[in-house]
Amino acid sequence: MHRVWITIRIGVGSIHDAQNIKCMETIAKCHVNPRSSLPCCVSFEQFSTYHVFQYANLPDVVVNTIQFVPFNHNEMWAREVLVDGDDYFHMDYKPITSTESESYVHLIIIGLTQLGEALAMEVARTAHFPNCKKHKTKITIIDKHMEHEMESFIHKCGEFFSLAKWHYIDTHDRANDRVSDISNKYQHLITNKQDRCFIDSEWTFINGSDASAFVANYIAESVTDANAVPTIAICINEMEASLHSAMTLPNEVYESKIPVLVHQSMTDAAVDALRGKNTDKKYDRYEMLRAFGMEEMDFEPKLMRLIDCGKRINYLYNHVDAKDIDEAEADKLWEEVPIHKRWSNIYSAVTIPIKYRCVENLSWPLTNSGQLAFLSEMEHNRWMVEELLLGYRPVLEQEDKQIDADKSLKRVYKDKFIHYDIRPNDGLKTDQSGRNVAEYDEIIVRNLHLIYR
């Protein structure tokens, strides 16, 4: 039996999100006495609105008639090009399969637009690898208005940048450069004095034009680092400017065969012509260019697949010893899950292709203790970022001691968006059941073959 979904994506500019919500409410009111709820994907253009509807409670008239699935087109594009797209070089195109690997992923974003923000957040959520104790994922964002854009971006990310390492470079006045450290209020969570910022990504914000000599040298040095697995994403909104930026990147980018993503909102024709796609004449210089961000792209099938995987993850949390998954019960359990926890499971499902690529000679069931250990730590690192970006913060020292003394307080604080488990993997503690919470990560990675089948 096929599922029929409605996708709501109307409106332009500032009224886009409001019109889509009103349209969904109208459909809910018309869908009276339903035999079952109507699946409905609703597009949100602004990250702030999208974020609200990832954890907000909806009116009963909607909840009782609509299976509400919010999505953001830019986030779906970020996932397509960085994690699992068929025509793209995902960010870990040279897989990192060992805790001792010297390789690290480095995404360089030109233009802190909404699409640029989506790519940055997607890397933060998904780029977690076995060698996180040796090397962090690097994210560089370049914008000629960075002195204004960075503050807004960091503010949107909640407490994330209180825990992550970041560096600001002002190409116009290097006296303005600054480097962050973990916030004093979270010092008690540190378990590794050599790596105080326990988020496994580090950020560089560059205030300057991509045409400047400093930025050109920075890009050239970044892509020629022997340990780097770099990707460049040009996220300038104007199609012509984005294409021009791609064509004028330093020669080292083309000579090193580095993937370059070029934002083209309307059509990929210009980029395809540049790289000689579907012709006998190929242009080696531009063969690694790929257009992305086109408005007409339909992501509904992939979104539905992610939701199915999220349901299976939720099922396994409820049946930790399951050898298989009862899909009907998984559907039923999913209805009881708050919307923000649904997103936690969906975001976990997003990273499964990366986890698969991190395991050499993959076979199921996965019994290699070393692989299970690093996959579990990867899942915990992913979960921490996801919770921070959804609005949670870690516990303060006094809150930590209170929960240590009475584990029932853990849920009380969680309801206030304060999470006891946002801490390094080797600092995780037991919950009220007496189980170390690290075991929940292992439940997921042991059963990837059931989730992603």
# chains A, B, ... in the order shown; residues from 1 in each chain; ligands from 1
>>> residues_around(residues="Tyr50 of chain A", least_positions_apart="3", cutoff="9 Å", atoms="only C-alpha atoms", output="mmCIF file with N, CA, C and O atoms, in the first residue's frame")
data_model
loop_
_atom_site.group_PDB
_atom_site.id
_atom_site.type_symbol
_atom_site.label_atom_id
_atom_site.label_comp_id
_atom_site.auth_asym_id
_atom_site.auth_seq_id
_atom_site.Cartn_x
_atom_site.Cartn_y
_atom_site.Cartn_z
ATOM 1 N N ASP A 17 6.648 31.163 5.471
ATOM 2 C CA ASP A 17 6.374 30.232 6.561
ATOM 3 C C ASP A 17 4.971 30.411 7.116
ATOM 4 O O ASP A 17 4.272 29.430 7.399
ATOM 5 N N SER A 43 7.025 23.011 4.437
ATOM 6 C CA SER A 43 8.295 23.683 4.222
ATOM 7 C C SER A 43 8.396 24.946 5.063
ATOM 8 O O SER A 43 7.444 25.725 5.161
ATOM 9 N N PHE A 44 9.585 25.140 5.674
ATOM 10 C CA PHE A 44 9.894 26.380 6.389
ATOM 11 C C PHE A 44 11.160 26.964 5.803
ATOM 12 O O PHE A 44 12.170 26.276 5.667
ATOM 13 N N GLU A 45 11.104 28.237 5.453
ATOM 14 C CA GLU A 45 12.249 28.900 4.837
ATOM 15 C C GLU A 45 13.219 29.449 5.870
ATOM 16 O O GLU A 45 14.430 29.361 5.708
ATOM 17 N N GLN A 46 12.675 29.998 6.953
ATOM 18 C CA GLN A 46 13.508 30.593 8.000
ATOM 19 C C GLN A 46 13.883 29.534 9.034
ATOM 20 O O GLN A 46 13.025 28.799 9.516
ATOM 21 N N PHE A 47 15.161 29.485 9.404
ATOM 22 C CA PHE A 47 15.595 28.501 10.385
ATOM 23 C C PHE A 47 14.922 28.715 11.736
ATOM 24 O O PHE A 47 14.644 27.760 12.458
ATOM 25 N N PHE A 53 9.100 24.733 15.168
ATOM 26 C CA PHE A 53 8.183 23.633 14.880
ATOM 27 C C PHE A 53 8.856 22.262 14.932
ATOM 28 O O PHE A 53 8.220 21.251 14.652
ATOM 29 N N GLN A 54 10.138 22.222 15.308
ATOM 30 C CA GLN A 54 10.772 20.943 15.594
ATOM 31 C C GLN A 54 10.544 20.509 17.039
ATOM 32 O O GLN A 54 10.856 19.367 17.381
ATOM 33 N N PRO A 70 7.754 18.927 9.480
ATOM 34 C CA PRO A 70 8.394 20.161 9.008
ATOM 35 C C PRO A 70 9.703 19.847 8.294
ATOM 36 O O PRO A 70 10.375 18.871 8.623
ATOM 37 N N PHE A 71 10.059 20.645 7.306
ATOM 38 C CA PHE A 71 11.364 20.477 6.672
ATOM 39 C C PHE A 71 11.862 21.821 6.155
ATOM 40 O O PHE A 71 11.083 22.758 5.975
ATOM 41 N N ASN A 72 13.164 21.886 5.975
ATOM 42 C CA ASN A 72 13.802 23.092 5.454
ATOM 43 C C ASN A 72 14.557 22.700 4.194
ATOM 44 O O ASN A 72 15.384 21.782 4.224
#
>>> select_by_dssp(residues="segment 344-392 of chain A", states="helix (DSSP H, G or I)", output="VMD selection string")
chain A and resid 344 to 350 352 to 357 369 to 389
>>> closest_atom_pairs(of="segment 10-117 of chain A", to="segment 265-277 of chain A", cutoff="12 Å", atoms="only C-alpha atoms", output="CSV")
residue,atom,partner,partner_atom,distance
A:His73,CA,A:Ser265,CA,11.4
A:Asn74,CA,A:Ser265,CA,10.7
A:Trp77,CA,A:Ser265,CA,11.2
A:Asp87,CA,A:Lys277,CA,11.8
A:Leu115,CA,A:Ser265,CA,10.4
>>> write_last_selection(atoms="N, CA, C and O atoms", output="PDB file, in the first residue's frame")
ATOM      1  N   HIS A  73      14.277  23.364   3.074  1.00  0.00           N
ATOM      2  CA  HIS A  73      14.853  22.997   1.786  1.00  0.00           C
ATOM      3  C   HIS A  73      16.374  23.079   1.801  1.00  0.00           C
ATOM      4  O   HIS A  73      17.068  22.218   1.246  1.00  0.00           O
ATOM      5  N   ASN A  74      16.905  24.106   2.455  1.00  0.00           N
ATOM      6  CA  ASN A  74      18.361  24.253   2.512  1.00  0.00           C
ATOM      7  C   ASN A  74      19.004  23.128   3.315  1.00  0.00           C
ATOM      8  O   ASN A  74      20.074  22.626   2.950  1.00  0.00           O
ATOM      9  N   TRP A  77      19.140  20.087   1.175  1.00  0.00           N
ATOM     10  CA  TRP A  77      20.216  20.188   0.185  1.00  0.00           C
ATOM     11  C   TRP A  77      21.569  19.930   0.841  1.00  0.00           C
ATOM     12  O   TRP A  77      22.435  19.245   0.264  1.00  0.00           O
ATOM     13  N   ASP A  87      24.916  12.099  -6.877  1.00  0.00           N
ATOM     14  CA  ASP A  87      25.756  12.773  -7.881  1.00  0.00           C
ATOM     15  C   ASP A  87      26.778  13.703  -7.230  1.00  0.00           C
ATOM     16  O   ASP A  87      27.359  14.554  -7.886  1.00  0.00           O
ATOM     17  N   LEU A 115      21.693  29.231   2.983  1.00  0.00           N
ATOM     18  CA  LEU A 115      22.221  27.960   2.506  1.00  0.00           C
ATOM     19  C   LEU A 115      23.569  27.663   3.159  1.00  0.00           C
ATOM     20  O   LEU A 115      23.856  26.521   3.540  1.00  0.00           O
TER      21      LEU A 115
END
>>> closest_residue(among="A:Glu159, A:Ile27, A:Pro424, A:Gln67", to="Lys193 of chain A", atoms="only C-alpha atoms")
A:Pro424
>>> select_by_dssp(residues="segment 85-120 of chain A", states="strand (DSSP E or B)", output="ChimeraX atom specification")
/A:104-110
>>> closest_atom_pairs(of="segment 130-219 of chain A", to="segment 376-379 of chain A", cutoff="10 Å", atoms="only C-alpha atoms", output="tab-separated table")
residue	atom	partner	partner_atom	distance
A:Pro130	CA	A:Met378	CA	6.7
A:Asn131	CA	A:Met378	CA	9.3
A:Cys132	CA	A:Met378	CA	8.1
A:Asp200	CA	A:Met378	CA	9.3
>>> closest_residue(among="A:Glu221, A:Asp86, A:Asp431, A:Glu252", to="Ser408 of chain A", atoms="only C-alpha atoms")
A:Asp431
>>> atom_distance(atom1="atom CA of Phe292 of chain A", atom2="atom CA of Asp225 of chain A")
25.8 Å
>>> residues_around(residues="Tyr88 of chain A", least_positions_apart="4", cutoff="10 Å", atoms="only C-alpha atoms", output="list in words")
Glu80, Val81, Leu82, Val83, Asp84, Tyr93, Pro259, Val260, Leu261, Met288, Leu289, Arg290, Ala291 and Phe292 of chain A
>>> residues_around(residues="Ile66 of chain A", least_positions_apart="4", cutoff="9 Å", atoms="only C-alpha atoms", output="PyMOL selection string")
chain A and resi 24+27-28+31+36-40+61-62
>>> write_last_selection(atoms="N, CA, C and O atoms", output="PDB file, in the first residue's frame")
ATOM      1  N   MET A  24      -1.665  24.470   6.251  1.00  0.00           N
ATOM      2  CA  MET A  24      -1.768  23.200   6.969  1.00  0.00           C
ATOM      3  C   MET A  24      -2.978  23.200   7.907  1.00  0.00           C
ATOM      4  O   MET A  24      -3.721  22.204   8.002  1.00  0.00           O
ATOM      5  N   ILE A  27      -6.143  22.646   5.909  1.00  0.00           N
ATOM      6  CA  ILE A  27      -6.275  21.233   5.511  1.00  0.00           C
ATOM      7  C   ILE A  27      -6.753  20.403   6.698  1.00  0.00           C
ATOM      8  O   ILE A  27      -7.621  19.530   6.563  1.00  0.00           O
ATOM      9  N   ALA A  28      -6.199  20.669   7.891  1.00  0.00           N
ATOM     10  CA  ALA A  28      -6.590  19.923   9.088  1.00  0.00           C
ATOM     11  C   ALA A  28      -8.084  20.101   9.378  1.00  0.00           C
ATOM     12  O   ALA A  28      -8.779  19.140   9.725  1.00  0.00           O
ATOM     13  N   HIS A  31     -10.146  18.093   6.905  1.00  0.00           N
ATOM     14  CA  HIS A  31      -9.963  16.638   6.971  1.00  0.00           C
ATOM     15  C   HIS A  31     -10.726  16.115   8.188  1.00  0.00           C
ATOM     16  O   HIS A  31     -10.154  15.675   9.179  1.00  0.00           O
ATOM     17  N   SER A  36      -7.641   7.852   9.323  1.00  0.00           N
ATOM     18  CA  SER A  36      -6.254   7.952   9.789  1.00  0.00           C
ATOM     19  C   SER A  36      -5.769   9.363   9.535  1.00  0.00           C
ATOM     20  O   SER A  36      -6.348  10.100   8.735  1.00  0.00           O
ATOM     21  N   SER A  37      -4.715   9.747  10.230  1.00  0.00           N
ATOM     22  CA  SER A  37      -4.173  11.090  10.052  1.00  0.00           C
ATOM     23  C   SER A  37      -3.528  11.226   8.674  1.00  0.00           C
ATOM     24  O   SER A  37      -3.012  10.261   8.108  1.00  0.00           O
ATOM     25  N   LEU A  38      -3.532  12.434   8.162  1.00  0.00           N
ATOM     26  CA  LEU A  38      -3.033  12.719   6.815  1.00  0.00           C
ATOM     27  C   LEU A  38      -1.579  13.164   6.880  1.00  0.00           C
ATOM     28  O   LEU A  38      -1.264  14.171   7.516  1.00  0.00           O
ATOM     29  N   PRO A  39      -0.664  12.426   6.256  1.00  0.00           N
ATOM     30  CA  PRO A  39       0.747  12.848   6.257  1.00  0.00           C
ATOM     31  C   PRO A  39       0.922  14.164   5.498  1.00  0.00           C
ATOM     32  O   PRO A  39       0.430  14.326   4.385  1.00  0.00           O
ATOM     33  N   CYS A  40       1.629  15.098   6.107  1.00  0.00           N
ATOM     34  CA  CYS A  40       1.747  16.436   5.523  1.00  0.00           C
ATOM     35  C   CYS A  40       3.140  17.004   5.787  1.00  0.00           C
ATOM     36  O   CYS A  40       3.520  17.255   6.934  1.00  0.00           O
ATOM     37  N   VAL A  61      -6.487  20.355  16.793  1.00  0.00           N
ATOM     38  CA  VAL A  61      -7.129  20.139  15.495  1.00  0.00           C
ATOM     39  C   VAL A  61      -6.120  19.653  14.467  1.00  0.00           C
ATOM     40  O   VAL A  61      -6.457  18.899  13.544  1.00  0.00           O
ATOM     41  N   VAL A  62      -4.867  20.036  14.628  1.00  0.00           N
ATOM     42  CA  VAL A  62      -3.817  19.572  13.731  1.00  0.00           C
ATOM     43  C   VAL A  62      -3.302  18.207  14.162  1.00  0.00           C
ATOM     44  O   VAL A  62      -3.183  17.289  13.357  1.00  0.00           O
TER      45      VAL A  62
END
>>> closest_atom_pairs(of="segment 95-163 of chain A", to="segment 357-364 of chain A", cutoff="12 Å", atoms="only C-alpha atoms", output="JSON lines")
{"residue": "A:Pro95", "atom": "CA", "partner": "A:Arg357", "partner_atom": "CA", "distance": 6.0}
{"residue": "A:Ile96", "atom": "CA", "partner": "A:Cys358", "partner_atom": "CA", "distance": 5.6}
{"residue": "A:Thr97", "atom": "CA", "partner": "A:Cys358", "partner_atom": "CA", "distance": 4.4}
{"residue": "A:Ser98", "atom": "CA", "partner": "A:Cys358", "partner_atom": "CA", "distance": 7.6}
{"residue": "A:Thr99", "atom": "CA", "partner": "A:Cys358", "partner_atom": "CA", "distance": 10.1}
{"residue": "A:Ser101", "atom": "CA", "partner": "A:Cys358", "partner_atom": "CA", "distance": 11.1}
{"residue": "A:Ala127", "atom": "CA", "partner": "A:Cys358", "partner_atom": "CA", "distance": 11.2}
{"residue": "A:His128", "atom": "CA", "partner": "A:Cys358", "partner_atom": "CA", "distance": 9.8}
{"residue": "A:Phe129", "atom": "CA", "partner": "A:Cys358", "partner_atom": "CA", "distance": 7.3}
{"residue": "A:Pro130", "atom": "CA", "partner": "A:Cys358", "partner_atom": "CA", "distance": 7.3}
{"residue": "A:Asn131", "atom": "CA", "partner": "A:Cys358", "partner_atom": "CA", "distance": 10.2}
>>> residues_around(residues="segment 303-310 of chain A", least_positions_apart="6", cutoff="9 Å", atoms="only C-alpha atoms", output="list of chain:residue names")
A:Val69, A:Phe71, A:Met76, A:Glu327, A:Ala330, A:Asp331, A:Trp334, A:Arg342, A:Trp343, A:Ser344, A:Asn345, A:Ile346, A:Tyr347, A:Ser348, A:Ala349, A:Val350, A:Leu450, A:Ile451, A:Tyr452, A:Arg453
>>> write_last_selection(atoms="N, CA, C and O atoms", output="compact mmCIF listing (two decimals), in the first residue's frame")
# COMPACT_ATOMS: atom_id res chain seq x y z
N VAL A 69 5.13 17.00 9.34
CA VAL A 69 6.56 16.81 9.11
C VAL A 69 7.14 18.14 8.60
O VAL A 69 7.02 18.46 7.42
N PHE A 71 10.06 20.65 7.31
CA PHE A 71 11.36 20.48 6.67
C PHE A 71 11.86 21.82 6.16
O PHE A 71 11.08 22.76 5.97
N MET A 76 17.84 20.11 3.63
CA MET A 76 17.78 18.90 2.81
C MET A 76 18.87 18.92 1.74
O MET A 76 19.49 17.90 1.44
N GLU A 327 7.36 -3.39 12.47
CA GLU A 327 7.09 -2.07 11.88
C GLU A 327 5.77 -1.48 12.36
O GLU A 327 5.66 -0.27 12.57
N ALA A 330 6.37 -0.16 15.71
CA ALA A 330 7.23 1.02 15.59
C ALA A 330 6.39 2.24 15.24
O ALA A 330 6.62 3.34 15.76
N ASP A 331 5.42 2.06 14.33
CA ASP A 331 4.51 3.17 13.98
C ASP A 331 3.72 3.63 15.20
O ASP A 331 3.53 4.83 15.43
N TRP A 334 5.84 5.51 17.71
CA TRP A 334 6.22 6.82 17.17
C TRP A 334 5.17 7.88 17.50
O TRP A 334 5.51 9.05 17.74
N ARG A 342 11.36 13.02 18.25
CA ARG A 342 11.32 12.43 16.91
C ARG A 342 12.50 12.95 16.08
O ARG A 342 13.15 12.20 15.37
N TRP A 343 12.73 14.28 16.21
CA TRP A 343 13.83 14.85 15.43
C TRP A 343 15.18 14.32 15.90
O TRP A 343 16.10 14.16 15.09
N SER A 344 15.30 14.01 17.16
CA SER A 344 16.54 13.41 17.65
C SER A 344 16.80 12.08 16.94
O SER A 344 17.91 11.79 16.52
N ASN A 345 15.75 11.28 16.78
CA ASN A 345 15.89 9.99 16.10
C ASN A 345 16.13 10.16 14.60
O ASN A 345 16.91 9.42 14.00
N ILE A 346 15.47 11.14 13.99
CA ILE A 346 15.67 11.38 12.56
C ILE A 346 17.09 11.84 12.29
O ILE A 346 17.76 11.37 11.36
N TYR A 347 17.60 12.76 13.12
CA TYR A 347 18.98 13.23 12.93
C TYR A 347 19.99 12.12 13.15
O TYR A 347 21.05 12.10 12.53
N SER A 348 19.68 11.19 14.03
CA SER A 348 20.55 10.02 14.20
C SER A 348 20.58 9.20 12.91
O SER A 348 21.64 8.75 12.47
N ALA A 349 19.41 9.03 12.30
CA ALA A 349 19.33 8.24 11.06
C ALA A 349 20.12 8.89 9.93
O ALA A 349 20.70 8.19 9.08
N VAL A 350 20.18 10.22 9.92
CA VAL A 350 20.90 10.93 8.85
C VAL A 350 22.35 10.47 8.76
O VAL A 350 22.92 10.35 7.66
N LEU A 450 19.45 -3.17 10.96
CA LEU A 450 17.98 -3.23 11.09
C LEU A 450 17.34 -1.88 10.79
O LEU A 450 16.27 -1.81 10.22
N ILE A 451 18.05 -0.81 11.16
CA ILE A 451 17.51 0.53 10.99
C ILE A 451 17.52 0.94 9.52
O ILE A 451 16.54 1.52 9.02
N TYR A 452 18.58 0.62 8.82
CA TYR A 452 18.82 1.17 7.48
C TYR A 452 18.54 0.17 6.37
O TYR A 452 18.94 0.38 5.26
N ARG A 453 17.85 -0.89 6.67
CA ARG A 453 17.66 -1.94 5.68
C ARG A 453 16.83 -1.43 4.51
O ARG A 453 15.99 -0.54 4.66
